[in-house]
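Asker: My structure is in my_file-v4.txt, and what it holds is compact mmCIF, C-alpha atoms:
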```txt
# COMPACT_ATOMS: atom_id res chain seq x y z
CA MET A 1 -0.43 26.37 -100.66
CA VAL A 2 -4.07 27.40 -101.16
CA THR A 3 -6.99 27.28 -98.73
CA ASP A 4 -10.39 28.95 -98.58
CA ASN A 5 -8.82 32.11 -97.18
CA TYR A 6 -5.15 31.91 -98.21
CA GLN A 7 -3.20 31.88 -101.49
CA ASP A 8 0.57 31.87 -101.94
CA VAL A 9 1.94 34.73 -104.05
CA ILE A 10 5.06 34.18 -106.17
CA PRO A 11 7.06 36.86 -108.05
CA LEU A 12 8.39 35.31 -111.27
CA PHE A 13 11.35 37.02 -112.90
CA LEU A 14 13.42 33.95 -113.84
CA PRO A 15 13.42 33.01 -117.56
CA ILE A 16 10.81 30.27 -118.06
CA PHE A 17 12.92 28.63 -120.78
CA HIS A 18 15.29 27.61 -117.97
CA ASN A 19 14.49 24.18 -116.48
CA TYR A 20 14.41 25.42 -112.88
CA ALA A 21 12.01 28.29 -113.58
CA LEU A 22 9.75 26.15 -115.78
CA GLU A 23 9.44 23.38 -113.17
CA MET A 24 8.69 25.84 -110.37
CA THR A 25 6.14 27.70 -112.48
CA LEU A 26 4.28 24.48 -113.29
CA CYS A 27 4.32 23.45 -109.61
CA ALA A 28 2.98 26.85 -108.58
CA LEU A 29 0.15 26.72 -111.12
CA TYR A 30 -0.71 23.14 -110.15
CA ASN A 31 -1.04 24.19 -106.52
CA GLY A 32 -3.19 27.22 -107.33
CA SER A 33 -0.68 29.90 -106.38
CA LYS A 34 -0.84 33.46 -107.70
CA ILE A 35 2.08 34.30 -109.99
CA VAL A 36 3.19 37.90 -110.51
CA THR A 37 5.25 37.91 -113.71
CA LEU A 38 8.07 40.37 -114.31
CA PRO A 39 9.80 40.79 -117.69
CA LYS A 40 13.20 40.80 -116.00
CA PHE A 41 14.92 41.49 -112.69
CA GLU A 42 14.70 45.20 -112.08
CA GLU A 43 15.15 46.48 -108.54
CA LYS A 44 12.14 48.78 -108.25
CA SER A 45 9.53 46.49 -109.84
CA PHE A 46 10.96 43.42 -108.09
CA LEU A 47 10.73 44.95 -104.62
CA SER A 48 7.26 46.34 -105.30
CA THR A 49 5.90 42.80 -105.64
CA PHE A 50 6.79 42.19 -102.00
CA THR A 51 4.91 45.21 -100.70
CA GLN A 52 2.09 45.51 -103.26
CA TYR A 53 1.26 41.83 -103.67
CA LYS A 54 2.62 40.51 -100.33
CA ALA A 55 4.80 37.82 -101.90
CA THR A 56 5.03 34.63 -99.80
CA ILE A 57 7.31 32.38 -101.88
CA LEU A 58 10.38 33.36 -103.88
CA PHE A 59 12.12 31.19 -106.47
CA ALA A 60 15.54 32.75 -106.86
CA VAL A 61 19.14 32.32 -107.96
CA PRO A 62 22.21 33.19 -105.84
CA PRO A 63 22.61 36.80 -107.14
CA THR A 64 19.06 37.48 -105.93
CA ILE A 65 19.94 36.23 -102.44
CA LEU A 66 23.06 38.43 -102.49
CA PHE A 67 20.90 41.39 -103.48
CA LEU A 68 18.37 40.78 -100.69
CA GLY A 69 21.06 40.40 -98.06
CA SER A 70 23.43 43.21 -98.99
CA ASN A 71 21.43 45.93 -100.75
CA PRO A 72 20.47 48.71 -98.31
CA SER A 73 17.21 49.36 -100.19
CA VAL A 74 15.92 45.94 -99.06
CA THR A 75 14.37 46.11 -95.59
CA GLU A 76 12.49 43.78 -93.25
CA GLU A 77 9.30 45.39 -94.53
CA HIS A 78 9.86 43.90 -97.99
CA LEU A 79 10.37 40.37 -96.69
CA LYS A 80 7.88 40.22 -93.82
CA TYR A 81 5.29 38.10 -95.71
CA LEU A 82 7.79 35.60 -97.12
CA ARG A 83 7.67 32.07 -95.74
CA VAL A 84 9.92 30.25 -98.27
CA ILE A 85 12.87 31.22 -100.46
CA CYS A 86 14.16 28.56 -102.85
CA SER A 87 17.58 29.03 -104.46
CA ALA A 88 19.07 26.87 -107.22
CA ALA A 89 21.02 26.91 -110.50
CA ALA A 90 24.38 27.88 -108.93
CA PRO A 91 26.26 27.47 -105.61
CA LEU A 92 25.11 29.64 -102.70
CA GLY A 93 27.35 30.28 -99.72
CA LYS A 94 26.33 29.96 -96.07
CA ASP A 95 27.30 33.58 -95.36
CA ASP A 96 25.13 34.77 -98.27
CA ILE A 97 22.13 32.95 -96.79
CA GLU A 98 22.71 34.24 -93.28
CA ARG A 99 22.92 37.87 -94.43
CA CYS A 100 19.54 37.43 -96.09
CA LEU A 101 18.07 35.74 -93.00
CA LYS A 102 18.95 38.78 -90.86
CA LYS A 103 16.36 40.79 -92.82
CA ALA A 104 13.77 38.04 -93.15
CA PRO A 105 11.07 36.79 -90.73
CA LYS A 106 12.32 34.39 -88.06
CA ASN A 107 10.15 31.53 -89.32
CA ILE A 108 11.26 31.78 -92.97
CA ASN A 109 12.77 28.76 -94.70
CA ILE A 110 15.58 29.10 -97.23
CA ILE A 111 15.77 25.95 -99.31
CA GLN A 112 18.71 25.10 -101.56
CA GLY A 113 18.10 22.81 -104.50
CA TYR A 114 20.59 20.98 -106.70
CA GLY A 115 19.92 19.41 -110.05
CA GLN A 116 20.62 19.32 -113.75
CA THR A 117 18.70 19.50 -116.99
CA GLU A 118 19.74 15.86 -117.53
CA ALA A 119 17.89 15.01 -114.30
CA MET A 120 14.66 16.83 -115.19
CA CYS A 121 15.44 19.43 -112.50
CA PHE A 122 16.17 18.57 -108.86
CA LEU A 123 18.24 15.75 -107.36
CA THR A 124 18.43 17.13 -103.83
CA HIS A 125 17.01 19.89 -101.69
CA THR A 126 17.29 20.89 -98.06
CA PRO A 127 14.42 19.54 -95.92
CA TYR A 128 11.75 22.07 -95.00
CA GLY A 129 12.54 23.60 -91.61
CA HIS A 130 16.18 22.50 -91.62
CA ARG A 131 18.89 25.08 -90.89
CA ASN A 132 21.95 23.48 -92.49
CA ASN A 133 22.76 26.50 -94.66
CA SER A 134 25.96 25.01 -96.07
CA SER A 135 24.24 22.02 -97.68
CA ILE A 136 22.30 21.43 -100.89
CA GLY A 137 20.20 18.93 -98.96
CA LYS A 138 19.40 15.24 -99.20
CA ALA A 139 18.56 13.02 -102.16
CA LEU A 140 14.96 13.15 -103.34
CA ALA A 141 12.70 10.10 -103.39
CA ASN A 142 13.66 7.40 -105.92
CA THR A 143 17.04 9.09 -106.45
CA GLU A 144 20.38 7.38 -105.84
CA LEU A 145 23.48 9.50 -105.30
CA LYS A 146 27.10 8.59 -104.78
CA VAL A 147 30.49 10.30 -104.80
CA VAL A 148 33.39 8.76 -106.75
CA ASP A 149 37.12 9.37 -106.90
CA LEU A 150 38.04 11.72 -109.77
CA LEU A 151 40.88 9.44 -110.93
CA THR A 152 39.89 5.86 -110.06
CA GLY A 153 36.09 6.09 -110.14
CA LYS A 154 35.85 4.21 -106.84
CA SER A 155 33.09 5.19 -104.40
CA LYS A 156 34.00 7.61 -101.64
CA GLY A 157 32.81 7.65 -98.04
CA PRO A 158 31.37 10.47 -95.89
CA ASN A 159 33.25 13.80 -96.03
CA GLU A 160 35.46 12.63 -98.93
CA GLU A 161 35.38 14.86 -102.00
CA GLY A 162 34.79 13.46 -105.47
CA GLU A 163 32.44 13.61 -108.44
CA ILE A 164 28.72 13.41 -107.68
CA CYS A 165 26.87 10.76 -109.69
CA PHE A 166 23.15 10.00 -109.77
CA ARG A 167 20.79 7.28 -110.89
CA GLY A 168 16.99 7.32 -111.03
CA PRO A 169 13.85 7.40 -113.17
CA GLN A 170 14.26 11.13 -113.86
CA MET A 171 17.50 10.60 -115.80
CA SER A 172 17.37 11.65 -119.45
CA MET A 173 18.06 9.00 -122.11
CA GLY A 174 21.09 10.89 -123.38
CA TYR A 175 22.21 13.75 -125.59
CA LEU A 176 20.39 14.12 -128.90
CA ASN A 177 22.50 12.96 -131.86
CA ASN A 178 25.61 12.83 -129.66
CA PRO A 179 26.27 9.22 -128.59
CA GLU A 180 29.86 10.01 -127.60
CA ALA A 181 28.77 12.62 -125.05
CA THR A 182 26.13 10.21 -123.73
CA LYS A 183 28.69 7.42 -123.35
CA GLU A 184 31.08 9.77 -121.55
CA ALA A 185 28.41 10.98 -119.10
CA LYS A 186 26.64 7.68 -118.34
CA ASP A 187 28.62 4.62 -117.26
CA ALA A 188 27.90 0.92 -117.76
CA GLU A 189 26.05 0.65 -114.43
CA GLY A 190 23.67 3.45 -115.36
CA TRP A 191 25.24 6.18 -113.19
CA PHE A 192 25.20 9.67 -114.67
CA HIS A 193 28.40 11.64 -113.96
CA THR A 194 27.38 15.21 -113.18
CA GLY A 195 30.77 16.90 -113.51
CA ASP A 196 30.25 18.47 -110.07
CA VAL A 197 32.72 17.99 -107.22
CA GLY A 198 31.16 17.52 -103.80
CA TYR A 199 30.74 15.26 -100.79
CA TYR A 200 28.15 14.05 -98.28
CA ASP A 201 28.24 13.87 -94.50
CA LYS A 202 27.32 11.06 -92.09
CA ASP A 203 23.70 12.28 -92.03
CA GLY A 204 23.30 12.11 -95.82
CA PHE A 205 23.48 15.85 -96.49
CA PHE A 206 25.30 16.74 -99.71
CA TYR A 207 27.63 19.67 -100.35
CA ILE A 208 28.88 21.17 -103.63
CA VAL A 209 32.53 22.22 -103.97
CA ASP A 210 32.69 23.25 -107.65
CA ARG A 211 32.58 22.05 -111.25
CA ILE A 212 35.39 19.68 -112.32
CA LYS A 213 36.07 21.84 -115.39
CA GLU A 214 36.43 24.94 -113.20
CA MET A 215 38.86 23.51 -110.66
CA ILE A 216 42.21 25.34 -110.64
CA LYS A 217 45.47 23.45 -110.13
CA VAL A 218 47.98 25.31 -107.94
CA LYS A 219 51.27 23.55 -107.10
CA GLY A 220 49.55 20.22 -107.75
CA TYR A 221 46.63 21.05 -105.42
CA GLN A 222 43.02 21.34 -106.62
CA VAL A 223 41.47 24.72 -105.78
CA ALA A 224 37.73 25.38 -106.05
CA PRO A 225 37.09 28.98 -107.16
CA ALA A 226 33.57 28.90 -105.68
CA GLU A 227 35.04 28.35 -102.20
CA LEU A 228 37.27 31.42 -102.51
CA GLU A 229 34.40 33.50 -103.90
CA HIS A 230 32.23 32.63 -100.89
CA VAL A 231 35.03 33.66 -98.51
CA LEU A 232 35.65 36.92 -100.39
CA ARG A 233 31.94 37.81 -100.34
CA SER A 234 31.92 37.37 -96.57
CA ILE A 235 34.08 40.52 -96.34
CA PRO A 236 31.63 43.39 -95.65
CA GLU A 237 33.26 45.75 -98.17
CA ILE A 238 33.00 43.26 -101.07
CA GLU A 239 29.75 42.90 -103.00
CA ALA A 240 30.75 40.25 -105.55
CA ALA A 241 33.82 38.26 -106.58
CA GLY A 242 34.96 35.96 -109.37
CA VAL A 243 38.11 33.81 -109.24
CA ILE A 244 40.04 32.29 -112.16
CA GLY A 245 43.32 30.51 -112.71
CA VAL A 246 45.92 31.82 -115.16
CA PRO A 247 49.09 30.06 -116.41
CA ASP A 248 52.08 30.45 -114.11
CA SER A 249 55.56 28.97 -114.71
CA ARG A 250 56.18 28.40 -110.99
CA LYS A 251 52.78 27.30 -109.68
CA GLY A 252 51.17 25.81 -112.74
CA GLU A 253 48.27 28.22 -112.28
CA ALA A 254 48.06 31.45 -110.31
CA LEU A 255 44.87 32.69 -108.66
CA VAL A 256 43.32 35.95 -109.86
CA ALA A 257 40.31 37.51 -108.12
CA PHE A 258 37.99 40.01 -109.77
CA ILE A 259 36.41 42.15 -107.04
CA LYS A 260 33.36 44.38 -107.09
CA LYS A 261 33.48 46.66 -104.04
CA LYS A 262 30.49 48.03 -102.21
CA GLU A 263 29.93 51.74 -101.96
CA GLY A 264 31.34 53.27 -98.82
CA PRO A 265 34.54 52.47 -96.89
CA SER A 266 37.20 50.85 -99.07
CA ILE A 267 39.43 47.90 -98.28
CA THR A 268 43.07 47.25 -99.13
CA GLU A 269 44.55 44.19 -100.84
CA ARG A 270 46.62 43.61 -97.73
CA SER A 271 43.48 43.47 -95.56
CA ILE A 272 41.85 41.01 -97.96
CA HIS A 273 45.00 38.88 -98.03
CA GLU A 274 45.24 38.83 -94.24
CA PHE A 275 41.56 37.86 -93.95
CA LEU A 276 41.94 35.03 -96.48
CA ALA A 277 45.00 33.74 -94.64
CA THR A 278 42.79 33.05 -91.60
CA LYS A 279 40.22 31.16 -93.68
CA VAL A 280 42.04 29.08 -96.32
CA ALA A 281 45.24 27.08 -96.85
CA PRO A 282 48.35 29.00 -98.02
CA PHE A 283 48.18 27.58 -101.57
CA LYS A 284 44.68 29.07 -101.93
CA LEU A 285 45.77 32.66 -101.34
CA ILE A 286 45.05 35.07 -104.19
CA ASP A 287 48.01 36.20 -106.30
CA LYS A 288 46.41 39.19 -108.01
CA TYR A 289 43.33 41.37 -107.47
CA ILE A 290 41.47 43.22 -110.20
CA TYR A 291 38.69 45.67 -109.29
CA VAL A 292 35.70 45.82 -111.64
CA GLU A 293 32.27 47.44 -111.88
CA SER A 294 30.47 44.09 -112.20
CA ILE A 295 31.07 40.34 -112.29
CA PRO A 296 29.67 38.74 -115.49
CA THR A 297 27.04 36.05 -114.86
CA ASN A 298 24.47 34.22 -116.94
CA GLN A 299 20.72 34.40 -116.30
CA SER A 300 20.87 31.60 -113.75
CA GLY A 301 23.56 33.37 -111.74
CA LYS A 302 26.59 31.31 -112.72
CA ILE A 303 29.81 33.28 -113.04
CA LEU A 304 31.06 33.44 -116.64
CA ARG A 305 34.71 32.56 -116.05
CA LYS A 306 35.50 32.56 -119.77
CA LYS A 307 34.60 36.24 -119.85
CA LEU A 308 36.79 36.89 -116.82
CA LYS A 309 39.68 35.12 -118.52
CA ASN A 310 39.17 37.19 -121.67
CA MET A 311 39.10 40.35 -119.53
CA TYR A 312 42.37 39.26 -117.92
CA LYS A 313 44.00 38.67 -121.34
CA ILE A 314 42.95 42.13 -122.52
CA MET A 315 44.32 43.74 -119.35
CA ASN A 316 47.64 41.89 -119.63
```
Will you turn the file into structure tokens for me?
Answerer:
Amino acid sequence: MVTDNYQDVIPLFLPIFHNYALEMTLCALYNGSKIVTLPKFEEKSFLSTFTQYKATILFAVPPTILFLGSNPSVTEEHLKYLRVICSAAAPLGKDDIERCLKKAPKNINIIQGYGQTEAMCFLTHTPYGHRNNSSIGKALANTELKVVDLLTGKSKGPNEEGEICFRGPQMSMGYLNNPEATKEAKDAEGWFHTGDVGYYDKDGFFYIVDRIKEMIKVKGYQVAPAELEHVLRSIPEIEAAGVIGVPDSRKGEALVAFIKKKEGPSITERSIHEFLATKVAPFKLIDKYIYVESIPTNQSGKILRKKLKNMYKIMN
């Protein structure tokens, strides 16, 4: 937003080769906003943009929101000029948002967006001023969304989990020189299958559960690692978590959690187990905990589960 006496200020640390960052940069320039570019995310220079340049809008990824909410070096003073935070590129938990909101101005809006490169960026985002912090929002204009059964492909109703599919003018034509991948992703009716598991409620708000390829099968049940990671991060002593499935002769797959603890008071595996037992079904309880210095993620904040699985193989 720009007026005769006001200009939005946006710190830009996300890689512009990423679809999300590129789209937001172009939107900011089109609207006349000031952009403060940073070569990478580095705590000191990042926080200085909030105090020195009085940043008003932040385009972020989930690890940034975790940093703002949990890092003691971030205070209300840093966030007092912010009016909008937009998070995308990976799932963001409700608890992660609410920890950030405790430090932010009361009138701030945290917007979650959901999209894919194949959709030219966003498919949904939370409406401005709405406080449904669990949702990725509603479908954008000219965008059709539906949820289908993972096995039969039949459409699901409200609050029924399945694969999210979309259709609209923003859909890409297909994958370059890969007709098989295009045929697999786009069905005969023109619906693009995202590979994401989710659902929508009676009011049309959508929710992401996890990626189909990342679902873990325990005793025949589907387990979403992102759900368990959100619950684990809600424990005050835990800074970050990554969950994987490993082969198990009895269960099919066993659940392994990689935990990065916060500095300060420690927490026992028994305490974590007892907390999880109050939040999730018995088949979702973690079988093994591994404590690490960091959880590997890519530049958009998605957990690199292949790296976690390789770390597990090395340790065992």
Asker: Compare A:Ser266, A:Ser33, A:Ser249, A:Asn177 by their minimum atom-to-atom distance to Tyr291 of chain A, counting only C-alpha atoms, and give me the closest one.
Answerer: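 Ranking A:Ser266, A:Ser33, A:Ser249, A:Asn177 by distance to Tyr291 of chain A, first place goes to A:Ser266.
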Asker: Find the residues around Tyr221 of chain A up to 10 Å (only C-alpha atoms counted), leave out those fewer than 3 positions away in its own chain, and share them as a list in words.
Answerer: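 The residues that qualify are Met215, Ile216, Lys217, Val218, Ala224, Lys251, Gly252, Phe283 and Lys284 of chain A.
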Asker: Report, in Å to a single decimal, how far apart atom CA of His78 of chain A and atom CA of Gln52 of chain A are.
Answerer: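 Taking atom CA of Gln52 of chain A as the start and atom CA of His78 of chain A as the end point, the length is 9.5 Å.
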Asker: From the options A:Phe67, A:Tyr200, A:Phe41, A:Tyr289, which residue's atoms come nearest to Gly242 of chain A, counting only C-alpha atoms?
Answerer: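 That would be A:Tyr289, the residue with the smallest distance to Gly242 of chain A.
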Asker: Neighbouring residues of segment 109-123 of chain A were defined as those with any atom within 8 Å, considering all atoms listed in the file; residues of the same chain fewer than 2 positions away were excluded. Please report them as an MDAnalysis selection string.
Answerer: chainID A and resid 19:20 23 83:89 92 97 107 125:130 135:137 139:140 143 166 170:172 174 194
Asker: Measuring between all atoms listed in the file, which one of A:Gly93, A:Pro39, A:Pro158, A:Pro105 shows the shortest distance to Gly204 of chain A?
Answerer: A:Pro158
Asker: One number please: atom CA of Val231 of chain A to atom CA of Val243 of chain A, in Å, one decimal.
Answerer: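 Going from atom CA of Val231 of chain A over to atom CA of Val243 of chain A, I get 11.2 Å.
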